[in-house]
file protein17.cif (mmCIF, C-alpha atoms and all ligand atoms)
data_structure
loop_
_atom_site.label_atom_id
_atom_site.label_comp_id
_atom_site.auth_asym_id
_atom_site.auth_seq_id
_atom_site.Cartn_x
_atom_site.Cartn_y
_atom_site.Cartn_z
CA MET A 1 -14.60 -24.84 17.81
CA ARG A 2 -13.42 -24.93 14.21
CA GLY A 3 -11.63 -22.07 12.49
CA PRO A 4 -10.58 -21.49 8.90
CA GLN A 5 -7.16 -22.50 7.56
CA ARG A 6 -5.02 -19.36 7.49
CA GLU A 7 -3.71 -18.30 4.11
CA ALA A 8 -2.75 -14.67 3.56
CA GLN A 9 -3.50 -12.68 0.43
CA SER A 10 -1.52 -9.72 -0.86
CA GLY A 11 -3.20 -6.32 -1.01
CA MET A 12 -5.17 -6.86 2.20
CA PRO A 13 -4.70 -4.83 5.40
CA GLY A 14 -2.92 -6.37 8.40
CA ARG A 15 -5.66 -5.31 10.79
CA VAL A 16 -9.33 -4.43 10.45
CA THR A 17 -11.40 -2.50 12.98
CA ILE A 18 -14.85 -3.94 13.29
CA TYR A 19 -17.42 -1.29 14.18
CA GLU A 20 -20.15 -3.30 15.89
CA VAL A 21 -23.69 -2.02 15.30
CA GLY A 22 -25.76 -4.92 16.69
CA PRO A 23 -27.06 -3.16 19.82
CA ARG A 24 -28.17 -0.15 17.74
CA ASP A 25 -28.86 -1.17 14.13
CA GLY A 26 -29.80 -4.70 15.19
CA LEU A 27 -32.11 -3.94 18.06
CA GLN A 28 -33.75 -0.84 16.52
CA ASN A 29 -35.47 -3.16 14.10
CA GLU A 30 -36.81 -5.79 16.48
CA LYS A 31 -40.59 -5.94 16.74
CA ALA A 32 -40.44 -6.85 20.40
CA VAL A 33 -38.72 -4.41 22.75
CA VAL A 34 -35.71 -6.13 24.27
CA PRO A 35 -35.45 -5.49 28.06
CA VAL A 36 -32.79 -2.95 28.91
CA GLU A 37 -30.92 -5.42 31.15
CA VAL A 38 -30.61 -7.79 28.18
CA LYS A 39 -29.29 -4.95 26.01
CA ALA A 40 -26.70 -4.09 28.66
CA GLU A 41 -25.62 -7.72 28.90
CA PHE A 42 -25.38 -7.86 25.08
CA VAL A 43 -23.00 -4.87 25.03
CA ARG A 44 -20.92 -6.31 27.88
CA ARG A 45 -20.61 -9.65 26.09
CA LEU A 46 -19.58 -7.95 22.83
CA VAL A 47 -16.89 -5.94 24.60
CA SER A 48 -15.55 -8.98 26.40
CA ALA A 49 -15.49 -10.94 23.11
CA GLY A 50 -12.87 -8.38 21.97
CA LEU A 51 -14.91 -5.92 19.93
CA ASP A 52 -13.17 -2.58 20.17
CA THR A 53 -15.90 -0.31 18.85
CA VAL A 54 -19.49 -0.92 19.90
CA GLU A 55 -22.29 1.47 18.94
CA THR A 56 -24.59 1.15 21.91
CA THR A 57 -27.87 2.96 21.11
CA SER A 58 -29.54 6.06 19.62
CA PHE A 59 -30.77 9.29 21.17
CA VAL A 60 -33.63 9.74 18.71
CA SER A 61 -37.32 10.47 19.07
CA PRO A 62 -38.98 7.63 21.04
CA GLN A 63 -42.03 8.10 18.82
CA TRP A 64 -39.88 7.23 15.82
CA VAL A 65 -37.84 4.38 17.32
CA PRO A 66 -39.54 3.06 20.45
CA GLN A 67 -37.14 0.11 20.54
CA LEU A 68 -34.33 2.42 21.67
CA ALA A 69 -36.35 4.70 23.95
CA ASP A 70 -34.35 3.36 26.92
CA SER A 71 -31.01 4.81 25.72
CA ALA A 72 -30.32 6.87 28.86
CA GLU A 73 -31.23 3.95 31.11
CA LEU A 74 -29.00 1.63 29.10
CA LEU A 75 -25.99 3.92 29.46
CA THR A 76 -26.64 4.28 33.19
CA LEU A 77 -26.67 0.49 33.52
CA LEU A 78 -23.49 0.15 31.45
CA GLY A 79 -21.43 2.62 33.48
CA GLU A 80 -17.83 2.83 32.21
CA VAL A 81 -18.36 0.02 29.68
CA GLY A 82 -20.72 2.33 27.76
CA ARG A 83 -18.41 5.37 27.77
CA GLY A 84 -15.39 6.35 25.71
CA ARG A 85 -14.48 7.29 22.17
CA ASN A 86 -15.26 3.80 20.91
CA ARG A 87 -18.82 3.66 22.28
CA PRO A 88 -20.67 5.92 19.83
CA VAL A 89 -24.38 6.66 19.88
CA LEU A 90 -26.62 8.03 17.13
CA VAL A 91 -27.86 11.61 17.49
CA PRO A 92 -29.94 13.35 14.80
CA ASN A 93 -30.34 16.77 16.41
CA GLU A 94 -29.28 18.99 19.30
CA ARG A 95 -31.91 17.46 21.55
CA GLY A 96 -30.24 14.07 21.04
CA LEU A 97 -26.79 15.56 21.55
CA ASP A 98 -27.86 17.17 24.84
CA ALA A 99 -29.19 13.83 26.09
CA ALA A 100 -26.00 12.05 25.01
CA LEU A 101 -23.75 14.66 26.64
CA ALA A 102 -25.77 14.40 29.85
CA GLN A 103 -24.76 10.72 29.88
CA GLY A 104 -21.07 11.49 29.41
CA VAL A 105 -20.96 10.08 25.88
CA GLN A 106 -17.68 10.79 24.02
CA ALA A 107 -18.56 9.75 20.46
CA VAL A 108 -21.63 10.43 18.36
CA ALA A 109 -22.87 9.62 14.88
CA ILE A 110 -25.12 11.78 12.74
CA PHE A 111 -26.98 9.98 9.97
CA GLY A 112 -27.88 11.54 6.65
CA SER A 113 -29.25 10.26 3.38
CA ALA A 114 -27.96 10.46 -0.18
CA THR A 115 -31.56 10.54 -1.41
CA GLU A 116 -34.43 12.95 -0.75
CA THR A 117 -37.05 10.25 -0.21
CA PHE A 118 -35.16 8.47 2.55
CA ALA A 119 -34.17 11.78 4.19
CA ARG A 120 -37.88 12.53 4.52
CA LYS A 121 -38.84 9.05 5.67
CA ASN A 122 -36.06 8.71 8.23
CA LEU A 123 -35.60 12.29 9.44
CA ASN A 124 -38.76 14.12 8.36
CA ARG A 125 -36.48 16.55 6.52
CA SER A 126 -35.14 17.22 3.02
CA VAL A 127 -31.42 16.55 2.47
CA ASP A 128 -30.71 20.29 2.84
CA GLU A 129 -32.82 20.56 5.98
CA SER A 130 -31.19 17.50 7.53
CA ILE A 131 -27.70 18.90 6.92
CA ALA A 132 -28.84 22.15 8.53
CA MET A 133 -30.07 20.09 11.51
CA PHE A 134 -26.70 18.28 11.78
CA ALA A 135 -24.48 21.38 11.49
CA PRO A 136 -24.86 22.65 15.08
CA VAL A 137 -24.70 19.07 16.38
CA VAL A 138 -21.27 18.54 14.82
CA THR A 139 -19.99 22.00 15.80
CA ARG A 140 -21.00 21.52 19.42
CA ALA A 141 -19.85 17.89 19.55
CA ARG A 142 -16.41 18.88 18.31
CA ALA A 143 -16.22 21.79 20.73
CA GLU A 144 -16.88 19.24 23.50
CA GLY A 145 -14.03 17.09 22.15
CA LEU A 146 -16.26 14.27 20.90
CA TRP A 147 -15.43 11.92 18.03
CA VAL A 148 -18.00 12.30 15.26
CA ARG A 149 -19.05 9.83 12.60
CA ALA A 150 -21.25 10.68 9.61
CA TYR A 151 -23.41 7.89 8.28
CA LEU A 152 -24.70 8.26 4.77
CA SER A 153 -27.59 5.97 3.80
CA MET A 154 -28.76 4.80 0.37
CA CYS A 155 -25.29 5.06 -1.18
CA PHE A 156 -25.87 2.02 -3.42
CA GLY A 157 -29.55 2.20 -4.30
CA ASP A 158 -32.83 3.41 -2.84
CA PRO A 159 -36.07 1.39 -2.65
CA TRP A 160 -38.17 4.39 -3.77
CA GLU A 161 -35.79 6.20 -6.14
CA GLY A 162 -33.90 3.22 -7.63
CA ASP A 163 -30.34 3.88 -8.79
CA VAL A 164 -28.49 6.62 -6.93
CA PRO A 165 -25.94 8.47 -9.07
CA ILE A 166 -22.40 8.28 -7.69
CA ALA A 167 -22.00 12.06 -8.12
CA GLN A 168 -25.04 12.59 -5.88
CA VAL A 169 -23.57 10.36 -3.16
CA VAL A 170 -20.23 12.15 -3.35
CA GLU A 171 -21.92 15.54 -3.14
CA VAL A 172 -23.91 14.73 0.02
CA ALA A 173 -20.93 12.87 1.56
CA SER A 174 -18.72 15.92 1.03
CA ARG A 175 -21.28 18.20 2.66
CA MET A 176 -21.55 15.89 5.68
CA MET A 177 -17.76 15.60 6.05
CA ASP A 178 -17.33 19.36 5.60
CA LEU A 179 -19.35 19.82 8.78
CA GLY A 180 -16.23 18.51 10.55
CA CYS A 181 -16.86 14.77 10.96
CA ASP A 182 -14.01 12.36 11.63
CA GLN A 183 -15.33 9.38 9.70
CA LEU A 184 -17.80 8.64 6.91
CA SER A 185 -19.74 5.37 6.95
CA LEU A 186 -21.11 4.41 3.54
CA GLY A 187 -24.47 2.76 4.03
CA ASP A 188 -25.80 0.15 1.66
CA THR A 189 -29.06 0.39 3.56
CA ILE A 190 -30.98 -2.11 1.42
CA GLY A 191 -28.05 -4.30 0.42
CA THR A 192 -28.30 -3.87 -3.37
CA GLY A 193 -24.67 -2.84 -3.98
CA THR A 194 -22.17 -5.01 -5.81
CA THR A 195 -18.37 -5.04 -5.89
CA GLY A 196 -17.73 -2.87 -8.96
CA HIS A 197 -20.06 -0.25 -7.53
CA VAL A 198 -18.05 -0.23 -4.29
CA HIS A 199 -14.82 0.39 -6.21
CA ARG A 200 -16.38 3.15 -8.32
CA LEU A 201 -17.81 4.98 -5.32
CA LEU A 202 -14.56 4.73 -3.32
CA ASP A 203 -12.61 6.00 -6.35
CA ALA A 204 -14.97 8.94 -6.73
CA LEU A 205 -14.78 9.82 -3.03
CA ASP A 206 -10.98 9.60 -3.13
CA THR A 207 -10.87 11.94 -6.14
CA ASN A 208 -13.00 14.36 -4.14
CA GLY A 209 -10.67 14.34 -1.12
CA ILE A 210 -12.35 11.68 1.05
CA GLY A 211 -9.74 8.93 1.20
CA ALA A 212 -10.15 5.35 2.42
CA GLU A 213 -8.51 6.21 5.76
CA ARG A 214 -11.60 8.26 6.70
CA ILE A 215 -14.14 5.73 5.45
CA GLY A 216 -16.04 2.86 7.03
CA VAL A 217 -18.35 0.57 5.09
CA HIS A 218 -21.81 -0.44 6.27
CA PHE A 219 -23.32 -3.24 4.22
CA HIS A 220 -26.69 -4.81 4.83
CA ASP A 221 -26.81 -8.38 3.56
CA THR A 222 -30.24 -8.41 1.86
CA TYR A 223 -28.87 -9.81 -1.43
CA GLY A 224 -25.97 -11.78 0.06
CA GLN A 225 -23.38 -9.29 -1.20
CA ALA A 226 -22.16 -7.82 2.09
CA LEU A 227 -19.02 -9.92 2.48
CA ALA A 228 -17.99 -9.60 -1.18
CA ASN A 229 -18.53 -5.84 -1.00
CA THR A 230 -16.48 -5.67 2.20
CA PHE A 231 -13.53 -7.33 0.46
CA ALA A 232 -13.83 -4.90 -2.44
CA ALA A 233 -13.56 -2.09 0.11
CA LEU A 234 -10.59 -3.71 1.92
CA ALA A 235 -8.77 -4.06 -1.40
CA HIS A 236 -9.34 -0.34 -1.80
CA GLY A 237 -7.64 0.49 1.52
CA VAL A 238 -10.66 0.71 3.82
CA THR A 239 -9.95 -0.79 7.27
CA VAL A 240 -13.15 0.01 9.21
CA VAL A 241 -16.04 -2.37 8.63
CA ASP A 242 -19.47 -2.15 10.24
CA ALA A 243 -21.05 -5.45 11.22
CA SER A 244 -23.73 -6.75 13.51
CA THR A 245 -23.30 -9.77 15.73
CA GLY A 246 -25.59 -12.55 14.61
CA GLY A 247 -26.56 -10.51 11.52
CA LEU A 248 -29.24 -8.61 13.42
CA GLY A 249 -30.50 -5.44 11.90
CA GLY A 250 -32.29 -3.32 9.38
CA CYS A 251 -33.88 0.07 9.36
CA PRO A 252 -37.49 0.58 10.40
CA TYR A 253 -37.84 3.38 7.83
CA ALA A 254 -36.27 1.57 4.84
CA LYS A 255 -38.36 -0.92 2.91
CA SER A 256 -36.57 -4.24 2.39
CA ALA A 257 -33.58 -3.57 4.64
CA THR A 258 -32.50 -6.77 6.39
CA GLY A 259 -29.68 -7.44 8.80
CA ASN A 260 -26.18 -6.10 8.52
CA LEU A 261 -23.20 -8.19 7.54
CA ALA A 262 -22.92 -10.66 10.44
CA THR A 263 -19.85 -9.99 12.58
CA GLU A 264 -19.16 -13.74 12.81
CA ASP A 265 -19.15 -14.14 9.00
CA LEU A 266 -16.71 -11.24 8.75
CA VAL A 267 -14.44 -12.53 11.52
CA TRP A 268 -14.30 -16.00 9.91
CA ALA A 269 -13.22 -14.48 6.58
CA LEU A 270 -10.65 -12.16 8.19
CA ASP A 271 -9.26 -14.95 10.39
CA GLY A 272 -8.76 -17.06 7.26
CA LEU A 273 -6.59 -14.32 5.78
CA GLY A 274 -4.67 -13.89 9.03
CA ILE A 275 -6.02 -10.33 9.36
CA GLU A 276 -6.09 -9.23 13.00
CA THR A 277 -9.36 -8.21 14.64
CA GLY A 278 -8.72 -9.06 18.28
CA ILE A 279 -12.02 -10.95 18.41
CA ASP A 280 -12.77 -14.27 20.07
CA LEU A 281 -15.09 -15.89 17.51
CA GLU A 282 -16.27 -18.56 19.92
CA ALA A 283 -17.41 -15.96 22.46
CA LEU A 284 -19.19 -14.05 19.71
CA VAL A 285 -21.07 -17.12 18.50
CA GLU A 286 -22.10 -17.89 22.08
CA THR A 287 -23.40 -14.33 22.36
CA SER A 288 -25.48 -14.70 19.20
CA VAL A 289 -26.93 -17.99 20.38
CA TRP A 290 -27.77 -16.35 23.73
CA MET A 291 -29.36 -13.33 21.98
CA ALA A 292 -31.30 -15.57 19.58
CA GLY A 293 -32.82 -17.17 22.69
CA HIS A 294 -34.06 -13.75 23.82
CA LEU A 295 -35.36 -12.82 20.37
CA GLY A 296 -37.06 -16.17 19.85
CA ARG A 297 -35.55 -16.88 16.44
CA PRO A 298 -32.23 -18.22 15.15
CA SER A 299 -29.46 -15.97 13.89
CA PRO A 300 -29.36 -15.67 10.08
CA SER A 301 -25.53 -15.80 10.18
CA ARG A 302 -24.12 -18.79 8.29
CA VAL A 303 -21.09 -18.94 10.58
CA VAL A 304 -23.26 -18.91 13.70
CA LYS A 305 -25.37 -21.73 12.23
CA ALA A 306 -22.31 -23.78 11.31
CA LEU A 307 -20.39 -23.28 14.53
CA ALA A 308 -23.35 -23.56 16.88
CA GLY A 309 -24.25 -26.87 15.26
CA GLY A 310 -27.70 -25.69 14.25
CA ASP A 311 -29.01 -25.72 17.80
CA ASP A 312 -29.39 -21.95 18.16
P1 LIG B 401 -39.74 15.24 13.88
O1 LIG B 401 -41.04 14.61 14.18
O2 LIG B 401 -39.62 16.07 12.65
O3 LIG B 401 -39.13 16.09 15.10
O4 LIG B 401 -38.64 14.09 13.83
P2 LIG B 401 -39.71 17.12 16.04
O5 LIG B 401 -38.56 18.03 16.35
O6 LIG B 401 -40.98 17.71 15.49
O7 LIG B 401 -40.04 16.24 17.36
C1 LIG B 401 -41.04 15.27 17.42
C2 LIG B 401 -41.07 14.71 18.83
O8 LIG B 401 -39.88 13.97 19.09
C3 LIG B 401 -41.13 15.78 19.89
O9 LIG B 401 -41.83 15.22 21.00
C4 LIG B 401 -39.68 15.99 20.24
O10 LIG B 401 -39.49 16.51 21.52
C5 LIG B 401 -39.16 14.57 20.16
P3 LIG B 401 -43.24 15.83 21.49
O11 LIG B 401 -42.94 17.24 21.82
O12 LIG B 401 -44.17 15.69 20.30
O13 LIG B 401 -43.56 14.94 22.65
N1 LIG B 401 -37.73 14.52 19.82
C6 LIG B 401 -36.85 13.80 20.50
N2 LIG B 401 -36.96 13.03 21.61
C7 LIG B 401 -35.84 12.43 22.05
N3 LIG B 401 -34.64 12.55 21.45
C8 LIG B 401 -34.50 13.31 20.36
C9 LIG B 401 -35.62 13.97 19.85
N4 LIG B 401 -35.82 14.78 18.79
C10 LIG B 401 -37.12 15.11 18.80
N5 LIG B 401 -33.30 13.40 19.77
C11 LIG B 401 -36.39 13.33 14.17
C12 LIG B 401 -37.29 14.37 13.54
C13 LIG B 401 -35.01 13.50 13.55
C14 LIG B 401 -36.34 13.58 15.65
C15 LIG B 401 -36.99 11.93 13.89
O14 LIG B 401 -37.20 11.82 12.51
C16 LIG B 401 -36.13 10.81 14.36
O15 LIG B 401 -35.91 10.62 15.55
N6 LIG B 401 -35.59 9.99 13.40
C17 LIG B 401 -34.73 8.91 13.73
C18 LIG B 401 -34.98 7.72 12.81
C19 LIG B 401 -33.99 6.62 13.11
O16 LIG B 401 -33.43 6.53 14.19
N7 LIG B 401 -33.75 5.74 12.11
C20 LIG B 401 -32.84 4.65 12.24
C21 LIG B 401 -31.40 5.06 12.26
S1 LIG B 401 -30.74 5.38 10.64
C22 LIG B 401 -30.27 3.83 10.05
O17 LIG B 401 -30.60 2.83 10.62
C23 LIG B 401 -29.36 3.78 8.86
C24 LIG B 401 -27.89 3.42 9.24
O18 LIG B 401 -27.83 2.16 9.89
C25 LIG B 401 -27.02 3.39 7.97
C26 LIG B 401 -27.62 2.55 6.83
O19 LIG B 401 -27.90 1.35 7.02
O20 LIG B 401 -27.77 3.15 5.74
C27 LIG B 401 -27.30 4.48 10.19
MG MG B 402 -27.84 0.27 8.88
#

call {"tool": "encode", "arguments": {"input": "protein17.cif", "output": "structure tokens"}}
result
Amino acid sequence: MRGPQREAQSGMPGRVTIYEVGPRDGLQNEKAVVPVEVKAEFVRRLVSAGLDTVETTSFVSPQWVPQLADSAELLTLLGEVGRGRNRPVLVPNERGLDAALAQGVQAVAIFGSATETFARKNLNRSVDESIAMFAPVVTRARAEGLWVRAYLSMCFGDPWEGDVPIAQVVEVASRMMDLGCDQLSLGDTIGTGTTGHVHRLLDALDTNGIGAERIGVHFHDTYGQALANTFAALAHGVTVVDASTGGLGGCPYAKSATGNLATEDLVWALDGLGIETGIDLEALVETSVWMAGHLGRPSPSRVVKALAGGDD
């Protein structure tokens, strides 16, 4: 298996935490429902490939996301592998939190929107109403000692509203973080962001008291900008990067959202810089090839294609 030549670059972190979203963001968008045993095997393979943080599933309405209706069953199958502060699940409301707590989950993620249109399409709520829905979830989660992430979607553009003012993103981000969340994940849900935009938003968040140490970045690769945007964020001090093995992903309620930044593409780039991730790239590529077999189509990841010799 080939790897990149290692040449360090100043201004880059020594270690990056990859927050793997394939089992959740990837599989929520598949037309076919993936059998729960295959999902469990996917998570196990990701963990054994060295991924520290793996978001396993969502406790959302099964009418809204039937692909993840088996979340409780999945966690039962996973046992200890699916528990802990680095196995978060998505919860939109107290009903979801109750179901997650019943499974012994120790980390949850709420997910808001910087725009009104997407808040309504994804949560059936206005921005204000969705924050009101999240407030008791975060309060109770923290009282139970859980780690809490706040996703914020449409930070870099919205398919219905177009440009999203940076001040608007900062305002909603601050309200989400003020609920008591540990980490903010900036979602480029439809992948339209570019590098200068990343710098400007991170600057504005920093000025408003949300520093890079509390931020993760979540880039979808629709326009091929995800890796460039990630490096803009790393240069800004961010060290948590969301990615999806094989580049699976999208959002069923966001027009034109494609897969996330592929974990393999990210690991290749980080390996080249000598930045530690703890990940076995070969095992990850094998996992993507295996998953592509179950999904019936090849992975869109360039690194998977190159390393698997085009036979995935
Ligand atoms: P609603 O229809 O307004 O809610 O949906 P409701 O309270 O009226 O409930 C409707 C039905 O769902 C009821 O069932 C509830 O019991 C049930 P019925 O009584 O009719 O049989 N229900 C639930 N069932 C299980 N678990 C729950 C739950 N809540 C209600 N937690 C709601 C509101 C928030 C529930 C709905 O809009 C929803 O589930 N939305 C989730 C959409 C979603 O998961 N989207 C993808 C994740 S976000 C994303 O991908 C973006 C991200 O990757 C970042 C980025 O890229 O930008 C994170
Ligand atoms: Mg996403």

call {"tool": "residues_around", "arguments": {"input": "protein17.cif", "residues": "region 238-246 of chain A", "least_positions_apart": "2", "cutoff": "6 Å", "atoms": "all atoms listed in the file", "output": "PyMOL selection string"}}
result
chain A and resi 16-22+212+216-218+233-234+236+248+260-263+288+299+301

call {"tool": "residues_around", "arguments": {"input": "protein17.cif", "residues": "region 179-188 of chain A", "least_positions_apart": "2", "cutoff": "7 Å", "atoms": "all atoms listed in the file", "output": "PyMOL selection string"}}
result
chain A and resi 135+138+147-156+175-177+190-193+214-220

call {"tool": "atom_distance", "arguments": {"input": "protein17.cif", "atom1": "CA of Ile275 (chain A)", "atom2": "CA of Leu227 (chain A)"}}
result
14.7 Å

call {"tool": "residues_near_ligand", "arguments": {"input": "protein17.cif", "ligand": "ligand LIG 401 (chain B)", "cutoff": "6 Å", "atoms": "only C-alpha atoms and all ligand atoms", "output": "number ranges by chain"}}
result
A: 25, 59-62, 64-65, 92-93, 95-96, 111, 122-124, 151, 153-154, 187-189, 251

call {"tool": "atom_distance", "arguments": {"input": "protein17.cif", "atom1": "CA of Glu282 (chain A)", "atom2": "CA of Val36 (chain A)"}}
result
24.4 Å

call {"tool": "residues_around", "arguments": {"input": "protein17.cif", "residues": "Thr57 (chain A)", "least_positions_apart": "3", "cutoff": "7 Å", "atoms": "only C-alpha atoms", "output": "number ranges by chain"}}
result
A: 23-24, 68, 71, 89-90

call {"tool": "closest_residue", "arguments": {"input": "protein17.cif", "among": "A:Asp163, A:Glu7, A:Asp221, A:Asp98", "to": "ligand MG 402 (chain B)", "atoms": "all atoms listed in the file"}}
result
A:Asp221

call {"tool": "decode", "arguments": {"input": "protein17.cif", "residues": "region 129-147 of chain A", "atoms": "N, CA, C and O atoms", "output": "compact mmCIF listing (two decimals), in the first residue's frame"}}
result
# COMPACT_ATOMS: atom_id res chain seq x y z
N GLU A 129 -37.64 28.28 17.61
CA GLU A 129 -38.32 27.10 18.15
C GLU A 129 -37.36 25.92 18.30
O GLU A 129 -37.46 25.13 19.23
N SER A 130 -36.42 25.81 17.36
CA SER A 130 -35.50 24.66 17.47
C SER A 130 -34.55 24.86 18.66
O SER A 130 -34.26 23.90 19.39
N ILE A 131 -34.13 26.10 18.90
CA ILE A 131 -33.26 26.33 20.07
C ILE A 131 -34.05 26.05 21.37
O ILE A 131 -33.52 25.45 22.31
N ALA A 132 -35.32 26.41 21.36
CA ALA A 132 -36.16 26.11 22.54
C ALA A 132 -36.30 24.59 22.71
O ALA A 132 -36.35 24.09 23.83
N MET A 133 -36.32 23.85 21.60
CA MET A 133 -36.41 22.38 21.68
C MET A 133 -35.10 21.80 22.24
O MET A 133 -35.11 20.85 23.02
N PHE A 134 -33.96 22.42 21.84
CA PHE A 134 -32.66 21.89 22.28
C PHE A 134 -32.35 22.20 23.75
O PHE A 134 -31.62 21.45 24.40
N ALA A 135 -32.87 23.32 24.25
CA ALA A 135 -32.45 23.80 25.58
C ALA A 135 -32.59 22.72 26.67
O ALA A 135 -31.61 22.41 27.37
N PRO A 136 -33.77 22.10 26.81
CA PRO A 136 -33.87 21.08 27.87
C PRO A 136 -33.03 19.83 27.56
O PRO A 136 -32.60 19.13 28.49
N VAL A 137 -32.78 19.58 26.28
CA VAL A 137 -31.95 18.42 25.92
C VAL A 137 -30.53 18.64 26.46
O VAL A 137 -29.96 17.76 27.12
N VAL A 138 -29.99 19.83 26.23
CA VAL A 138 -28.62 20.11 26.67
C VAL A 138 -28.55 20.15 28.20
O VAL A 138 -27.65 19.57 28.80
N THR A 139 -29.53 20.81 28.82
CA THR A 139 -29.53 20.89 30.30
C THR A 139 -29.55 19.50 30.91
O THR A 139 -28.74 19.18 31.80
N ARG A 140 -30.44 18.67 30.42
CA ARG A 140 -30.53 17.31 30.99
C ARG A 140 -29.30 16.48 30.65
O ARG A 140 -28.80 15.71 31.48
N ALA A 141 -28.81 16.61 29.42
CA ALA A 141 -27.63 15.82 29.02
C ALA A 141 -26.45 16.17 29.92
O ALA A 141 -25.73 15.30 30.41
N ARG A 142 -26.28 17.46 30.17
CA ARG A 142 -25.16 17.87 31.03
C ARG A 142 -25.35 17.39 32.47
O ARG A 142 -24.40 16.96 33.12
N ALA A 143 -26.58 17.46 32.93
CA ALA A 143 -26.85 16.98 34.29
C ALA A 143 -26.53 15.49 34.42
O ALA A 143 -26.14 15.02 35.49
N GLU A 144 -26.66 14.77 33.31
CA GLU A 144 -26.34 13.32 33.30
C GLU A 144 -24.85 13.08 33.05
O GLU A 144 -24.42 11.93 32.92
N GLY A 145 -24.09 14.17 32.88
CA GLY A 145 -22.64 14.05 32.66
C GLY A 145 -22.25 13.71 31.23
O GLY A 145 -21.13 13.26 30.97
N LEU A 146 -23.16 13.94 30.28
CA LEU A 146 -22.85 13.62 28.89
C LEU A 146 -22.00 14.72 28.24
O LEU A 146 -22.06 15.89 28.65
N TRP A 147 -21.24 14.35 27.23
CA TRP A 147 -20.55 15.31 26.37
C TRP A 147 -21.55 15.74 25.29
O TRP A 147 -22.31 14.92 24.77
